[in-house]
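This is data-v2.pdb (PDB, C-alpha atoms).
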```
ATOM      1  CA  ALA U   1       9.056-270.333  87.671  1.00  0.00           C
ATOM      2  CA  PRO U   2       6.553-268.036  85.970  1.00  0.00           C
ATOM      3  CA  ALA U   3       2.883-268.878  86.287  1.00  0.00           C
ATOM      4  CA  ALA U   4       1.380-270.783  83.393  1.00  0.00           C
ATOM      5  CA  ALA U   5      -0.333-268.591  80.807  1.00  0.00           C
ATOM      6  CA  ASP U   6      -3.545-270.576  81.220  1.00  0.00           C
ATOM      7  CA  GLU U   7      -3.560-270.270  85.021  1.00  0.00           C
ATOM      8  CA  PRO U   8      -6.618-268.261  86.152  1.00  0.00           C
ATOM      9  CA  LEU U   9      -5.846-264.671  87.077  1.00  0.00           C
ATOM     10  CA  ASP U  10      -6.580-263.465  90.588  1.00  0.00           C
ATOM     11  CA  PRO U  11      -9.380-260.881  90.229  1.00  0.00           C
ATOM     12  CA  ALA U  12      -8.135-258.997  93.322  1.00  0.00           C
ATOM     13  CA  ALA U  13      -4.615-258.755  91.827  1.00  0.00           C
ATOM     14  CA  MET U  14      -6.056-257.462  88.548  1.00  0.00           C
ATOM     15  CA  ALA U  15      -8.177-254.870  90.384  1.00  0.00           C
ATOM     16  CA  ALA U  16      -5.196-253.696  92.450  1.00  0.00           C
ATOM     17  CA  GLY U  17      -3.055-253.556  89.305  1.00  0.00           C
ATOM     18  CA  LYS U  18      -5.661-251.448  87.530  1.00  0.00           C
ATOM     19  CA  VAL U  19      -5.536-248.890  90.350  1.00  0.00           C
ATOM     20  CA  SER U  20      -1.720-248.830  90.318  1.00  0.00           C
ATOM     21  CA  TYR U  21      -1.742-248.434  86.534  1.00  0.00           C
ATOM     22  CA  MET U  22      -3.153-244.917  86.923  1.00  0.00           C
ATOM     23  CA  LEU U  23       0.460-243.749  87.481  1.00  0.00           C
ATOM     24  CA  CYS U  24       1.739-245.659  84.429  1.00  0.00           C
ATOM     25  CA  GLY U  25      -1.095-244.348  82.279  1.00  0.00           C
ATOM     26  CA  ALA U  26       0.198-240.786  82.605  1.00  0.00           C
ATOM     27  CA  CYS U  27       2.965-241.666  80.121  1.00  0.00           C
ATOM     28  CA  HIS U  28       1.859-244.959  78.538  1.00  0.00           C
ATOM     29  CA  GLY U  29      -1.771-243.847  78.016  1.00  0.00           C
ATOM     30  CA  GLN U  30      -4.786-244.900  80.040  1.00  0.00           C
ATOM     31  CA  SER U  31      -5.563-247.550  77.416  1.00  0.00           C
ATOM     32  CA  GLY U  32      -1.937-248.582  76.981  1.00  0.00           C
ATOM     33  CA  GLU U  33      -1.796-246.807  73.624  1.00  0.00           C
ATOM     34  CA  GLY U  34       1.440-244.967  74.349  1.00  0.00           C
ATOM     35  CA  GLY U  35       2.043-241.290  73.843  1.00  0.00           C
ATOM     36  CA  PRO U  36       4.670-238.675  73.133  1.00  0.00           C
ATOM     37  CA  ILE U  37       6.658-239.635  76.236  1.00  0.00           C
ATOM     38  CA  ALA U  38       6.474-243.437  76.365  1.00  0.00           C
ATOM     39  CA  PRO U  39       5.818-246.388  74.067  1.00  0.00           C
ATOM     40  CA  PRO U  40       2.574-248.343  73.957  1.00  0.00           C
ATOM     41  CA  LEU U  41       1.969-251.286  76.238  1.00  0.00           C
ATOM     42  CA  ALA U  42      -0.896-252.543  74.059  1.00  0.00           C
ATOM     43  CA  GLY U  43       0.462-255.085  71.613  1.00  0.00           C
ATOM     44  CA  SER U  44       3.994-254.757  72.988  1.00  0.00           C
ATOM     45  CA  GLU U  45       6.194-257.809  72.688  1.00  0.00           C
ATOM     46  CA  TRP U  46       8.038-256.563  75.795  1.00  0.00           C
ATOM     47  CA  VAL U  47       4.838-256.770  77.853  1.00  0.00           C
ATOM     48  CA  THR U  48       4.034-260.358  76.904  1.00  0.00           C
ATOM     49  CA  GLY U  49       7.682-261.471  76.784  1.00  0.00           C
ATOM     50  CA  PRO U  50       9.808-262.621  79.735  1.00  0.00           C
ATOM     51  CA  ILE U  51       8.449-261.241  83.002  1.00  0.00           C
ATOM     52  CA  SER U  52      11.977-260.617  84.244  1.00  0.00           C
ATOM     53  CA  ASN U  53      12.246-257.778  81.703  1.00  0.00           C
ATOM     54  CA  LEU U  54       9.221-255.979  83.121  1.00  0.00           C
ATOM     55  CA  ILE U  55      10.341-256.478  86.695  1.00  0.00           C
ATOM     56  CA  ARG U  56      13.809-255.084  85.933  1.00  0.00           C
ATOM     57  CA  ILE U  57      12.248-252.063  84.215  1.00  0.00           C
ATOM     58  CA  GLN U  58      10.039-251.426  87.258  1.00  0.00           C
ATOM     59  CA  LEU U  59      12.913-251.818  89.707  1.00  0.00           C
ATOM     60  CA  ARG U  60      15.597-249.919  87.765  1.00  0.00           C
ATOM     61  CA  GLY U  61      13.786-247.784  85.234  1.00  0.00           C
ATOM     62  CA  LEU U  62      14.639-247.783  81.539  1.00  0.00           C
ATOM     63  CA  GLN U  63      17.131-245.663  79.603  1.00  0.00           C
ATOM     64  CA  GLY U  64      17.809-245.289  75.921  1.00  0.00           C
ATOM     65  CA  PRO U  65      16.024-246.481  72.838  1.00  0.00           C
ATOM     66  CA  ILE U  66      13.649-249.422  72.826  1.00  0.00           C
ATOM     67  CA  THR U  67      11.839-250.795  69.803  1.00  0.00           C
ATOM     68  CA  VAL U  68       8.200-251.688  70.366  1.00  0.00           C
ATOM     69  CA  ALA U  69       6.124-253.241  67.586  1.00  0.00           C
ATOM     70  CA  GLY U  70       8.730-252.187  65.027  1.00  0.00           C
ATOM     71  CA  LYS U  71       8.946-248.526  66.109  1.00  0.00           C
ATOM     72  CA  GLU U  72      11.851-247.054  68.059  1.00  0.00           C
ATOM     73  CA  TYR U  73      11.139-244.965  71.160  1.00  0.00           C
ATOM     74  CA  ASN U  74      13.686-242.936  73.091  1.00  0.00           C
ATOM     75  CA  MET U  75      12.078-241.427  76.172  1.00  0.00           C
ATOM     76  CA  PRO U  76      13.661-238.163  77.319  1.00  0.00           C
ATOM     77  CA  GLY U  77      15.397-238.969  80.603  1.00  0.00           C
ATOM     78  CA  GLY U  78      14.118-242.517  80.420  1.00  0.00           C
ATOM     79  CA  MET U  79      11.590-244.150  82.714  1.00  0.00           C
ATOM     80  CA  ALA U  80      12.135-243.621  86.412  1.00  0.00           C
ATOM     81  CA  ALA U  81      12.663-246.606  88.690  1.00  0.00           C
ATOM     82  CA  LEU U  82       9.557-247.501  90.689  1.00  0.00           C
ATOM     83  CA  SER U  83      11.333-249.655  93.246  1.00  0.00           C
ATOM     84  CA  TYR U  84       9.579-247.877  96.128  1.00  0.00           C
ATOM     85  CA  GLN U  85       6.539-250.016  95.285  1.00  0.00           C
ATOM     86  CA  THR U  86       6.061-253.254  97.201  1.00  0.00           C
ATOM     87  CA  ASP U  87       6.576-256.622  95.557  1.00  0.00           C
ATOM     88  CA  ASP U  88       2.799-257.105  95.626  1.00  0.00           C
ATOM     89  CA  GLN U  89       2.168-253.743  93.944  1.00  0.00           C
ATOM     90  CA  ILE U  90       4.690-254.427  91.193  1.00  0.00           C
ATOM     91  CA  ALA U  91       3.367-257.960  90.626  1.00  0.00           C
ATOM     92  CA  HIS U  92      -0.218-256.698  90.434  1.00  0.00           C
ATOM     93  CA  VAL U  93       0.428-253.851  87.993  1.00  0.00           C
ATOM     94  CA  LEU U  94       2.554-256.060  85.755  1.00  0.00           C
ATOM     95  CA  THR U  95      -0.110-258.790  85.802  1.00  0.00           C
ATOM     96  CA  PHE U  96      -2.648-256.114  84.872  1.00  0.00           C
ATOM     97  CA  ILE U  97      -0.688-254.791  81.878  1.00  0.00           C
ATOM     98  CA  ARG U  98       0.143-258.335  80.724  1.00  0.00           C
ATOM     99  CA  ASN U  99      -3.621-259.050  80.624  1.00  0.00           C
ATOM    100  CA  SER U 100      -5.109-255.749  79.458  1.00  0.00           C
ATOM    101  CA  PHE U 101      -5.142-253.700  76.256  1.00  0.00           C
ATOM    102  CA  GLY U 102      -5.413-256.886  74.177  1.00  0.00           C
ATOM    103  CA  ASN U 103      -2.375-258.496  75.838  1.00  0.00           C
ATOM    104  CA  LYS U 104      -2.446-262.028  77.231  1.00  0.00           C
ATOM    105  CA  GLY U 105       0.299-263.272  79.515  1.00  0.00           C
ATOM    106  CA  SER U 106       0.954-265.220  82.658  1.00  0.00           C
ATOM    107  CA  ALA U 107       0.545-263.614  86.049  1.00  0.00           C
ATOM    108  CA  VAL U 108       3.516-262.009  87.778  1.00  0.00           C
ATOM    109  CA  LYS U 109       3.853-263.258  91.349  1.00  0.00           C
ATOM    110  CA  PRO U 110       5.310-261.216  94.230  1.00  0.00           C
ATOM    111  CA  GLU U 111       8.019-263.851  94.665  1.00  0.00           C
ATOM    112  CA  HIS U 112       9.186-263.155  91.076  1.00  0.00           C
ATOM    113  CA  VAL U 113       9.730-259.529  92.085  1.00  0.00           C
ATOM    114  CA  THR U 114      11.429-260.506  95.349  1.00  0.00           C
ATOM    115  CA  ALA U 115      13.873-262.667  93.394  1.00  0.00           C
ATOM    116  CA  LEU U 116      15.040-259.608  91.419  1.00  0.00           C
ATOM    117  CA  ARG U 117      15.114-257.021  94.255  1.00  0.00           C
ATOM    118  CA  SER U 118      18.918-257.112  94.107  1.00  0.00           C
ATOM    119  CA  GLU U 119      18.557-255.055  90.890  1.00  0.00           C
ATOM    120  CA  VAL U 120      17.492-252.013  92.944  1.00  0.00           C
ATOM    121  CA  GLY U 121      20.141-249.311  92.931  1.00  0.00           C
ATOM    122  CA  LYS U 122      21.719-250.358  89.648  1.00  0.00           C
ATOM    123  CA  PRO U 123      21.641-247.841  86.771  1.00  0.00           C
ATOM    124  CA  GLN U 124      18.585-247.680  84.556  1.00  0.00           C
ATOM    125  CA  VAL U 125      18.348-250.818  82.436  1.00  0.00           C
ATOM    126  CA  THR U 126      18.709-250.616  78.650  1.00  0.00           C
ATOM    127  CA  ALA U 127      16.913-252.686  76.037  1.00  0.00           C
ATOM    128  CA  ALA U 128      20.266-254.293  75.193  1.00  0.00           C
ATOM    129  CA  GLU U 129      20.478-255.696  78.746  1.00  0.00           C
ATOM    130  CA  LEU U 130      17.019-257.277  78.577  1.00  0.00           C
ATOM    131  CA  THR U 131      16.105-260.692  77.198  1.00  0.00           C
ATOM    132  CA  LYS U 132      14.792-260.285  73.665  1.00  0.00           C
ATOM    133  CA  PRO U 133      11.059-261.038  73.576  1.00  0.00           C
TER
END
```

Using structure tokens, write down the structure that the file contains.
Amino acid sequence: APAAADEPLDPAAMAAGKVSYMLCGACHGQSGEGGPIAPPLAGSEWVTGPISNLIRIQLRGLQGPITVAGKEYNMPGGMAALSYQTDDQIAHVLTFIRNSFGNKGSAVKPEHVTALRSEVGKPQVTAAELTKP
């Protein structure tokens, strides 16, 4: 079960997630503002929605259009899968983005990522396959 939204965040997980976010920031912006390649993470209903969506995107990548805050984005080539990252790394970076840039969400635990590792190797996920936030 996901962590409760009011559960205190682990400062070490947030710090590790901030470091890992440097890679994400190349496309999503260092402040989560988005850019010409990728949609914003700040104020995104996908970021604060079901954590399984974010985990699947990390493990499989994302292809095709996705609407974020009422605007459609269609990233050329989609987002690459980042499944080479450990469960801890994925949990930390997702916890960081869910609690940065004005977002507020529950922590992502490594065991949440482990539970979805079977997604690795499947084609890039589409917004239609994800749970609507």

Grab the CA of Gln63 (chain U) to CA of Ala107 (chain U) distance for me, in Å with one decimal place.
25.3 Å

Expand the PyMOL selection byres ((chain U and resi 67-74) around 12) into the explicit residue set it covers here, and present it as a PyMOL selection string.
chain U and resi 28+33-49+62-66+75-79+126-128+132-133

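Comparing the minimum interatomic distances between Ala80 (chain U) and each of U:Pro8, U:Gly105, U:Gly32, U:Pro123, counting only C-alpha atoms, we find that U:Pro123 sits nearest.
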
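What the PyMOL selection byres ((chain U and resi 19) around 12) picks from this file is Ala12, Ala13, Met14, Ala15, Ala16, Gly17, Lys18, Ser20, Tyr21, Met22, Leu23, Cys24, Gly25, Gln30, Gln89, Ile90, His92, Val93, Leu94, Phe96 and Ile97 of chain U.
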
Which polymer residues have any atom within 9 Å of an atom of Asp88 (chain U), counting all atoms listed in the file, with same-chain residues fewer than 6 positions away left out, as an NGL selection string?
:U and (13 or 109-111 or 113)

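Each of U:Ala81, U:Val125, U:Leu130, U:Cys27 was checked against Ile51 (chain U) using all atoms listed in the file; the smallest atom-to-atom distance is that of U:Leu130.
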